[in-house]
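Engineer: I am attaching a structure below and will ask some questions about it afterwards.
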Amino acid sequence: MHDIRNDIARIHDDCERMDNLVQNLLLLSSIDSRGIRPKMVQYDMTMIIRQVISRLHLQAEEKKLDLQLSFLSTIPPVYGDPTSMDRILTNLVSNAIKYTSVKGFVNVSAHLTDNYISIKVADNGMGVTEENLPRLFDRFYRVDSTGSRKYGGTGLGVAIAKELTELQGGKISVKSVFGKGTEFVVAGPKA
């Protein structure tokens with residue numbers, strides 16, 4: 001009976017992974033064909049950030065990670081696509097959780113700079129080597145090229161985050177030190 005449960009759990013996980021892959025490929029195809037246009041509206045960025053953190057809190061808790069959220073200034077309304085921003089942050093925060101060792105930390109912070117709202121997702125995870133950093137935003141690029149199932153993933157999450165950020169007139173950047181952690185910064189225009 002225990003073996004059957006394990007098999008069903010593995011099949012379920014594989015189905016979810018395949019569904020995620022298909023959804024990501026459809027999104028990228030839509031972006032490539034210019035079929036996707038962000039629904040630009042004024043919205044409350046703090047609400048989106050709080051929802052993402054709340055949704056991923058259990059995933060962080062399972063690894064005994066310290067998932068922190070801070071607003072370093074008052075965040076005015078943002079002009080952009082809230083659904084795309086949710087996806088961007090979900091991809092970045094879930095990656096930070098995935099690549100951070102047990103009892104590590106993931107910090108998400110937001111602050112106002114000139115005409116932009118900057119959101120930083122920082123972790124003390126495995127980091128990325130300097131040689132891999134330039135390719136990090138490439139589609140299907142995975143730092144763990146061994147084909148290992150340790151971390152899973154398709155190499156699409158960060159590429160999607162970049163393309164959705166740029167579609168909204170924003171910018172995304174990354175800094176990383178191998179063995180010490182990674183920091184992504186997404187900047188979007190305030191309303």
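Starting from 1 in every chain, residues are counted up; chains themselves are A, B, ... following the order of the structure tokens, and ligands are numbered from 1 as listed.
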Can you list, as a count of residues only, every protein, DNA or RNA residue that comes within 8 Å of Ala161 of chain A when you count only C-alpha atoms, leaving out same-chain residues fewer than 3 positions away?
Structural biologist: 9
Engineer: Please identify every residue of segment 109-191 of chain A that has at least one atom no farther than 9 Å from an atom of segment 41-47 of chain A, counting only C-alpha atoms, and for each give the shortest atom pair and the distance in Å to one decimal, arranged by chain then increasing number, as a Markdown table.
Structural biologist:
```
| residue | atom | partner | partner_atom | distance |
| --- | --- | --- | --- | --- |
| A:Ala110 | CA | A:Thr46 | CA | 8.3 |
| A:Ile117 | CA | A:Met45 | CA | 8.7 |
| A:Lys190 | CA | A:Gln42 | CA | 8.6 |
| A:Ala191 | CA | A:Gln42 | CA | 6.2 |
```
Engineer: Store the residues picked out above in a file with all heavy atoms, as a PDB file, in the first residue's frame.
Structural biologist:
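Wrote it out as part29.pdb, contents follow:
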```pdb
ATOM      1  N   ALA A 110      10.765  46.030  -0.762  1.00  0.00           N
ATOM      2  CA  ALA A 110      10.331  46.960  -1.809  1.00  0.00           C
ATOM      3  C   ALA A 110      10.575  48.376  -1.326  1.00  0.00           C
ATOM      4  O   ALA A 110      10.419  48.678  -0.145  1.00  0.00           O
ATOM      5  CB  ALA A 110       8.854  46.753  -2.118  1.00  0.00           C
ATOM      6  N   ILE A 117       9.402  51.637  -8.631  1.00  0.00           N
ATOM      7  CA  ILE A 117       9.269  50.830  -7.430  1.00  0.00           C
ATOM      8  C   ILE A 117      10.230  49.661  -7.636  1.00  0.00           C
ATOM      9  O   ILE A 117      10.139  48.950  -8.635  1.00  0.00           O
ATOM     10  CB  ILE A 117       7.845  50.268  -7.259  1.00  0.00           C
ATOM     11  CG1 ILE A 117       6.784  51.360  -7.366  1.00  0.00           C
ATOM     12  CG2 ILE A 117       7.736  49.473  -5.960  1.00  0.00           C
ATOM     13  CD1 ILE A 117       6.867  52.433  -6.335  1.00  0.00           C
ATOM     14  N   LYS A 190       6.203  53.677 -11.301  1.00  0.00           N
ATOM     15  CA  LYS A 190       5.089  54.013 -10.420  1.00  0.00           C
ATOM     16  C   LYS A 190       3.994  54.669 -11.255  1.00  0.00           C
ATOM     17  O   LYS A 190       4.257  55.157 -12.356  1.00  0.00           O
ATOM     18  CB  LYS A 190       5.545  54.902  -9.268  1.00  0.00           C
ATOM     19  CG  LYS A 190       5.947  56.304  -9.649  1.00  0.00           C
ATOM     20  CD  LYS A 190       6.339  57.073  -8.414  1.00  0.00           C
ATOM     21  CE  LYS A 190       6.644  58.520  -8.799  1.00  0.00           C
ATOM     22  NZ  LYS A 190       6.985  59.332  -7.662  1.00  0.00           N
ATOM     23  N   ALA A 191       2.786  54.684 -10.739  1.00  0.00           N
ATOM     24  CA  ALA A 191       1.658  55.259 -11.490  1.00  0.00           C
ATOM     25  C   ALA A 191       1.797  56.762 -11.582  1.00  0.00           C
ATOM     26  O   ALA A 191       2.353  57.393 -10.717  1.00  0.00           O
ATOM     27  CB  ALA A 191       0.349  54.876 -10.827  1.00  0.00           C
TER      28      ALA A 191
END
```
Engineer: Determine which residues of segment 74-137 of chain A DSSP labels as strand (DSSP E or B) from the backbone of this structure, then write them out as number ranges by chain.
Structural biologist: A: 78-80, 105-113, 116-123
Engineer: Please report the interatomic distance between atom CA of Val108 of chain A and atom CA of Met40 of chain A in Å with one decimal.
Structural biologist: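 Straight-line distance from atom CA of Val108 of chain A to atom CA of Met40 of chain A works out to 23.6 Å.
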Engineer: Would you mind listing what lies within 8 Å of Phe105 of chain A as a count of residues only, with only C-alpha atoms counted and same-chain residues fewer than 4 positions away left out?
Structural biologist: 8
Engineer: Choose the residue, out of A:Gly179, A:Tyr99, A:Ser109, A:Ile48, that has the smallest atom-to-atom separation from Ser73 of chain A; count only C-alpha atoms.
Structural biologist: A:Ser109
Engineer: Per residue of segment 38-98 of chain A within 8 Å of segment 184-188 of chain A, record the nearest atom pair and its distance in Å to one decimal, counting only C-alpha atoms, with rows in chain order and ascending residue number, as a Markdown table.
Structural biologist:
```
| residue | atom | partner | partner_atom | distance |
| --- | --- | --- | --- | --- |
| A:Val78 | CA | A:Gly188 | CA | 7.4 |
| A:Tyr79 | CA | A:Gly188 | CA | 7.8 |
| A:Gly80 | CA | A:Gly188 | CA | 7.6 |
| A:Leu92 | CA | A:Phe184 | CA | 7.6 |
```
Engineer: Pull C-alpha atoms from the residues just selected and write them as a compact mmCIF listing (two decimals), in the first residue's frame.
Structural biologist:
```txt
# COMPACT_ATOMS: atom_id res chain seq x y z
CA VAL A 78 2.09 51.11 -9.67
CA TYR A 79 1.20 51.18 -13.35
CA GLY A 80 1.47 47.74 -14.87
CA LEU A 92 11.69 34.69 -8.29
```
Engineer: Could you check how far atom CA of Ile160 of chain A sits from atom CA of Asn95 of chain A, in Å to one decimal?
Structural biologist: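 Distance between the two atoms: 12.6 Å.
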Engineer: Excluding segment 57-59 of chain A and residues on its chain fewer than 5 positions from it, collect all residues at most 9 Å away from it, counting only C-alpha atoms, and give them as a VMD selection string.
Structural biologist: chain A and resid 52 64 to 65 67 94 97 to 98
